[in-house]
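Structure file coords-v8.txt with compact mmCIF, C-alpha atoms:
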```txt
# COMPACT_ATOMS: atom_id res chain seq x y z
CA MET A 118 -156.34 62.61 -69.59
CA ARG A 119 -157.98 59.21 -69.54
CA GLN A 120 -155.70 56.27 -70.11
CA ARG A 121 -156.65 52.82 -71.40
CA MET A 122 -154.52 49.69 -71.36
CA LEU A 123 -154.86 46.63 -73.53
CA TRP A 124 -155.93 43.52 -71.64
CA VAL A 125 -153.10 41.21 -70.67
CA GLY A 126 -153.43 37.71 -69.28
CA LEU A 127 -153.98 37.76 -65.52
CA THR A 128 -152.13 35.19 -63.48
CA ALA A 129 -152.26 37.15 -60.24
CA CYS A 130 -155.11 37.19 -57.77
CA LEU A 131 -158.67 38.48 -58.28
CA GLY A 132 -157.74 41.02 -56.30
CA CYS A 133 -161.63 42.64 -58.34
CA LEU A 134 -169.96 64.51 -60.16
CA ALA A 135 -169.36 64.51 -63.59
CA ALA A 136 -170.19 68.09 -64.75
CA THR A 137 -173.79 66.93 -64.90
CA GLY A 138 -173.74 65.61 -61.31
CA SER A 139 -176.34 66.21 -58.66
CA GLY A 140 -174.24 68.28 -56.26
CA ASP A 141 -173.68 67.73 -52.56
CA ALA A 142 -176.40 65.74 -50.90
CA GLU A 143 -177.45 65.82 -47.28
CA PRO A 144 -176.83 62.69 -45.23
CA VAL A 145 -179.72 60.23 -45.29
CA HIS A 146 -180.51 58.24 -42.17
CA THR A 147 -182.72 55.19 -42.48
CA ALA A 148 -183.75 52.51 -40.02
CA THR A 149 -182.30 49.74 -42.19
CA ARG A 150 -179.75 50.19 -44.94
CA ARG A 151 -178.44 47.57 -47.33
CA PRO A 152 -174.71 47.58 -48.06
CA VAL A 153 -173.47 48.37 -51.56
CA LEU A 154 -169.78 48.09 -52.41
CA VAL A 155 -168.45 50.94 -54.56
CA GLU A 156 -164.91 50.48 -55.87
CA LEU A 157 -162.94 53.27 -57.53
CA PHE A 158 -159.88 52.52 -59.63
CA THR A 159 -157.85 55.71 -59.61
CA SER A 160 -154.36 57.17 -59.70
CA GLU A 161 -152.63 60.33 -58.52
CA GLY A 162 -150.92 60.38 -61.91
CA CYS A 163 -154.21 60.81 -63.79
CA SER A 164 -155.56 64.35 -64.24
CA SER A 165 -159.12 63.05 -64.71
CA CYS A 166 -159.10 61.24 -61.36
CA PRO A 167 -159.43 64.00 -58.70
CA PRO A 168 -163.15 64.61 -59.48
CA ALA A 169 -163.77 60.87 -59.09
CA ASP A 170 -161.85 60.83 -55.80
CA ALA A 171 -164.04 63.71 -54.63
CA LEU A 172 -167.20 61.85 -55.67
CA LEU A 173 -166.13 58.73 -53.79
CA GLU A 174 -165.55 60.81 -50.66
CA ARG A 175 -168.93 62.49 -51.11
CA LEU A 176 -170.68 59.11 -51.40
CA ASP A 177 -168.85 57.96 -48.29
CA ARG A 178 -169.58 61.08 -46.26
CA THR A 179 -173.14 61.95 -47.25
CA GLN A 180 -174.61 58.50 -48.05
CA PRO A 181 -177.00 60.11 -50.58
CA VAL A 182 -178.97 57.04 -51.70
CA ASN A 183 -181.91 56.29 -49.44
CA GLY A 184 -181.80 52.74 -48.13
CA ALA A 185 -178.14 52.14 -49.06
CA GLN A 186 -175.11 51.81 -46.85
CA ILE A 187 -172.43 52.79 -49.37
CA ILE A 188 -169.15 51.07 -48.58
CA VAL A 189 -166.37 52.67 -50.61
CA LEU A 190 -162.96 51.28 -51.53
CA SER A 191 -160.34 53.31 -53.39
CA GLU A 192 -157.97 51.06 -55.36
CA HIS A 193 -154.97 52.90 -56.76
CA VAL A 194 -153.47 51.32 -59.87
CA ASP A 195 -149.77 51.36 -60.68
CA TYR A 196 -149.76 51.72 -64.48
CA TRP A 197 -149.61 55.53 -64.30
CA ASN A 198 -146.44 55.55 -62.21
CA HIS A 199 -144.11 55.55 -65.22
CA LEU A 200 -145.31 59.04 -66.24
CA GLY A 201 -143.31 60.78 -63.52
CA TRP A 202 -145.24 60.43 -60.26
CA GLN A 203 -145.16 57.35 -58.03
CA ASP A 204 -148.60 57.13 -56.45
CA PRO A 205 -147.89 56.20 -52.81
CA TYR A 206 -151.14 54.24 -52.58
CA SER A 207 -150.71 52.31 -55.83
CA SER A 208 -150.22 48.58 -56.12
CA ARG A 209 -149.93 45.91 -58.77
CA ALA A 210 -152.74 44.02 -56.98
CA SER A 211 -155.19 46.86 -57.67
CA SER A 212 -154.17 46.92 -61.33
CA ALA A 213 -154.59 43.14 -61.56
CA ARG A 214 -158.06 43.32 -60.03
CA GLN A 215 -159.07 46.02 -62.50
CA GLU A 216 -157.70 43.99 -65.40
CA LEU A 217 -160.01 41.16 -64.41
CA TYR A 218 -162.96 43.56 -64.35
CA ALA A 219 -161.97 44.74 -67.83
CA ARG A 220 -162.20 41.16 -69.02
CA ARG A 221 -165.57 40.60 -67.33
CA PHE A 222 -167.06 43.76 -68.77
CA VAL A 223 -165.52 43.06 -72.21
CA LEU A 224 -163.64 46.36 -72.32
CA GLU A 225 -160.62 47.21 -74.45
CA GLY A 226 -158.68 47.44 -71.24
CA PRO A 227 -158.56 49.14 -67.84
CA TYR A 228 -158.96 52.92 -67.61
CA THR A 229 -159.03 55.56 -64.92
CA PRO A 230 -161.07 56.76 -63.25
CA GLN A 231 -163.35 53.73 -63.23
CA MET A 232 -166.09 53.03 -60.69
CA VAL A 233 -167.55 49.55 -60.16
CA VAL A 234 -170.73 49.03 -58.12
CA ASN A 235 -171.28 45.62 -56.50
CA GLY A 236 -169.12 44.07 -59.21
CA MET A 237 -171.94 44.37 -61.74
CA ALA A 238 -171.93 47.94 -63.15
CA GLU A 239 -168.97 50.00 -64.37
CA PHE A 240 -168.68 53.57 -65.65
CA VAL A 241 -166.44 56.64 -65.61
CA GLY A 242 -165.72 57.21 -61.94
CA SER A 243 -166.68 60.89 -61.83
CA ASP A 244 -170.25 60.32 -63.07
CA ALA A 245 -172.45 60.87 -60.00
CA ARG A 246 -175.71 60.19 -61.81
CA LYS A 247 -174.56 56.79 -63.02
CA ALA A 248 -173.17 56.03 -59.56
CA GLU A 249 -176.47 56.73 -57.83
CA THR A 250 -178.41 54.83 -60.51
CA ALA A 251 -176.17 51.79 -60.12
CA ILE A 252 -176.41 51.92 -56.33
CA ARG A 253 -180.22 52.04 -56.49
CA ALA A 254 -180.22 49.09 -58.89
CA ALA A 255 -178.02 47.12 -56.50
CA LEU A 256 -180.59 47.60 -53.75
CA ARG A 257 -183.08 45.53 -55.75
CA GLU A 258 -180.83 42.46 -55.77
CA PRO A 259 -180.88 39.74 -53.06
CA THR A 260 -178.05 39.87 -50.56
CA LEU A 261 -176.12 37.61 -48.24
CA GLY A 262 -175.55 38.48 -44.59
CA VAL A 263 -172.03 39.71 -43.76
CA ARG A 264 -171.11 40.95 -40.27
CA LEU A 265 -167.99 42.45 -38.70
CA LEU A 266 -168.18 42.52 -34.90
CA ALA A 267 -165.92 43.79 -32.15
CA ALA A 268 -166.72 43.24 -28.49
CA HIS A 269 -166.24 46.92 -27.62
CA PRO A 270 -165.66 50.13 -29.59
CA GLY A 271 -161.97 50.50 -30.34
CA ASP A 272 -161.19 46.79 -30.07
CA SER A 273 -158.66 45.59 -32.65
CA ALA A 274 -159.90 41.98 -32.53
CA VAL A 275 -162.82 41.59 -34.95
CA THR A 276 -165.01 38.62 -35.83
CA LEU A 277 -166.18 38.19 -39.42
CA GLU A 278 -169.37 36.19 -39.96
CA VAL A 279 -170.85 35.36 -43.37
CA ASP A 280 -174.14 33.51 -43.84
CA ALA A 281 -174.48 30.51 -46.14
CA PHE A 282 -176.49 30.83 -49.33
CA PRO A 283 -180.13 29.76 -48.91
CA SER A 284 -180.68 26.02 -49.08
CA GLY A 285 -181.05 24.76 -52.61
CA LYS A 286 -179.09 27.63 -54.15
CA ALA A 287 -176.21 25.90 -55.89
CA ARG A 288 -173.82 28.79 -55.56
CA LYS A 289 -170.31 29.30 -54.31
CA ALA A 290 -168.60 32.61 -53.70
CA ASN A 291 -165.33 33.92 -52.30
CA VAL A 292 -164.99 35.90 -49.09
CA TRP A 293 -162.64 38.87 -49.43
CA VAL A 294 -161.20 41.17 -46.78
CA ALA A 295 -159.72 44.59 -47.51
CA LEU A 296 -157.72 46.73 -45.14
CA ALA A 297 -157.96 50.39 -46.13
CA ALA A 298 -156.43 53.59 -44.78
CA ASP A 299 -159.26 55.82 -43.56
CA SER A 300 -158.01 58.91 -45.44
CA GLY A 301 -154.88 60.55 -46.75
CA THR A 302 -153.49 63.61 -48.53
CA SER A 303 -150.67 63.91 -51.05
CA ASP A 304 -148.81 66.92 -52.44
CA VAL A 305 -148.14 65.80 -55.99
CA LEU A 306 -144.81 67.06 -57.32
CA ARG A 307 -144.71 65.63 -60.84
CA GLY A 308 -146.93 64.21 -63.56
CA GLU A 309 -150.36 65.35 -64.75
CA ASN A 310 -151.41 66.54 -61.28
CA SER A 311 -148.16 68.34 -60.48
CA GLY A 312 -148.69 71.11 -57.93
CA ARG A 313 -152.02 69.76 -56.68
CA ARG A 314 -152.89 68.56 -53.20
CA LEU A 315 -155.05 65.44 -53.51
CA HIS A 316 -157.24 63.89 -50.84
CA HIS A 317 -158.48 60.31 -50.73
CA VAL A 318 -160.63 58.10 -48.52
CA SER A 319 -160.62 54.35 -47.87
CA MET A 320 -157.44 53.58 -49.82
CA ALA A 321 -156.87 49.83 -50.10
CA THR A 322 -153.59 48.74 -48.56
CA GLU A 323 -154.35 45.01 -48.54
CA LEU A 324 -156.92 42.83 -50.29
CA ARG A 325 -157.02 39.07 -49.86
CA GLN A 326 -159.36 36.13 -50.15
CA VAL A 327 -159.90 34.53 -46.74
CA GLY A 328 -162.45 31.81 -47.50
CA THR A 329 -165.54 30.69 -49.39
CA VAL A 330 -169.26 30.28 -48.77
CA SER A 331 -171.85 28.02 -50.40
CA ASP A 332 -175.36 26.76 -49.83
CA ARG A 333 -173.87 24.21 -47.42
CA ALA A 334 -171.64 26.38 -45.27
CA GLY A 335 -171.13 29.94 -44.17
CA PHE A 336 -167.83 31.40 -43.01
CA ARG A 337 -166.34 32.74 -39.78
CA SER A 338 -162.90 34.17 -39.08
CA GLU A 339 -161.01 36.32 -36.59
CA LEU A 340 -159.45 39.49 -38.01
CA THR A 341 -157.50 42.49 -36.79
CA LEU A 342 -158.43 46.15 -37.27
CA ARG A 343 -155.38 48.41 -37.38
CA ALA A 344 -155.32 51.95 -36.06
CA GLY A 345 -156.40 54.54 -38.63
CA SER A 346 -157.86 51.88 -40.90
CA ARG A 347 -161.12 50.48 -42.13
CA LEU A 348 -161.84 46.78 -42.36
CA ILE A 349 -164.06 45.85 -45.30
CA ALA A 350 -165.39 42.37 -45.99
CA PHE A 351 -167.39 41.29 -49.03
CA VAL A 352 -168.62 38.17 -50.79
CA GLN A 353 -168.01 37.96 -54.53
CA GLU A 354 -168.79 35.30 -57.13
CA PRO A 355 -165.61 34.27 -58.95
CA GLY A 356 -167.32 33.99 -62.35
CA ASN A 357 -169.51 37.02 -62.97
CA GLY A 358 -167.99 39.15 -60.20
CA ARG A 359 -171.29 39.85 -58.47
CA VAL A 360 -170.96 41.08 -54.89
CA TRP A 361 -173.56 39.37 -52.69
CA GLY A 362 -172.91 41.21 -49.45
CA ALA A 363 -170.48 43.51 -47.68
CA ALA A 364 -169.72 45.08 -44.33
CA MET A 365 -167.31 47.69 -43.00
CA LEU A 366 -165.83 48.37 -39.58
CA ALA A 367 -163.81 51.44 -38.67
CA GLU A 368 -162.30 52.63 -35.41
CA GLY A 369 -165.00 53.70 -32.97
CA ASN A 370 -167.62 51.28 -34.31
CA HIS A 371 -168.32 47.91 -32.74
CA GLU A 372 -170.58 46.28 -35.31
CA THR A 373 -171.66 46.58 -38.90
CA THR A 374 -174.22 44.30 -40.45
CA GLY A 375 -174.34 43.66 -44.17
CA ARG A 376 -177.95 42.63 -44.44
```

Translate this file's structure into structure tokens.
Amino acid sequence: MRQRMLWVGLTACLGCLAATGSGDAEPVHTATRRPVLVELFTSEGCSSCPPADALLERLDRTQPVNGAQIIVLSEHVDYWNHLGWQDPYSSRASSARQELYARRFVLEGPYTPQMVVNGMAEFVGSDARKAETAIRAALREPTLGVRLLAAHPGDSAVTLEVDAFPSGKARKANVWVALAADSGTSDVLRGENSGRRLHHVSMATELRQVGTVSDRAGFRSELTLRAGSRLIAFVQEPGNGRVWGAAMLAEGNHETTGR
């Protein structure tokens, strides 16, 4: 079942293989890969969502688009919880971010599963062909440098660096940081997925704006990476929602570069 909600005024923060899919892809390793942020709005209470969750994990694991570093973020909405199952990963913040996307994309309202690529393309979240097409399109757009650096693998202290926009570009964008659980499994007892064991990756547990960048100034901040988590940083325009750059750091890595 696919659920839609009517748009309601947002006063909270911006936060922002279908059956015809291409099948499992082999991992692609390239000398330089450009980051692309792929968000999935999902819920354990939605029977149409498990295939989208599986696609997000496949994109994360196999990195099937040549030249792309696919950074995934699973954002569990809370508007399915009233149907009998309380999604343990759900939050009002994820629902609010999706509501803002619904307004930007001029939709009737939020729905699940919904995938959003670099803030600029949206589609049913289980459609692998559209996902790969949108990711390839994102690779053709200019990007902004975003870096997450730790002095040594396993360090919890992380430095976030974001480049300024090129001189003369009269732009301003927000810097966002997401903390996400690396993976998780739920045994669903009620609702549309009752009796199913569901698996997820990169589930957002916190999403907050930490600063801004412009053509006059970049951004730098000290962050903390928690055990069992991923740290994801991205730059997003507040108006059209375009993501200009992103980076991810997980335990065991000491640097990711979003350029």

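In this structure, atom CA of A:Tyr206 sits 24.8 Å away from atom CA of A:Leu265.
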
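Minimum atom-to-atom distance to A:Gln231, evaluated using only C-alpha atoms, belongs to A:Leu190 out of A:Ala321, A:Ala290, A:Leu296, A:Leu190.
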
Best match for closeness to A:Ala210 among A:Leu173, A:Ala363, A:Ala295, A:Val352, counting only C-alpha atoms: A:Ala295

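Pairwise distance (atom CA of A:Asp299, atom CA of A:Ile188) equals 12.1 Å.
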
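The closest residue to A:His317, picked from A:Glu278, A:Asp304, A:Glu354, A:Glu339 and counting all atoms listed in the file, is A:Asp304.
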
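One distance worth recording is that between atom CA of A:Arg221 and atom CA of A:Asn357, which is 6.9 Å.
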
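For A:Val360, the set of protein, DNA and RNA residues having any atom at most 6 Å away, when counting all atoms listed in the file and skipping those fewer than 3 positions along the same chain, is A:Asn235, A:Gly236, A:Val352, A:Gln353.
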
Spatial neighbours of A:Gly285, max dist 12 Å, all atoms listed in the file, sep filter under 4 positions, as a PyMOL selection string: chain A and resi 281+289+331-333

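Nearest to A:Leu157 of all the residues A:Leu277, A:Ala298, A:Leu261, A:Met320 is A:Met320, counting all atoms listed in the file.
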
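Nearest residue to A:Arg151 among A:Pro259, A:Pro168, A:Pro230, A:Gly312 is A:Pro259, counting all atoms listed in the file.
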
Residue among A:Glu225, A:Glu239, A:Asp272, A:Glu309 lying closest to A:Val155, counting all atoms listed in the file: A:Glu239

Near-stretch 244-251 of chain A list (12 Å; only C-alpha atoms; drop same-chain fewer than 3 positions) as a VMD selection string: chain A and resid 134 to 142 153 to 157 165 to 166 168 to 176 180 to 185 187 189 230 to 241 254 to 258
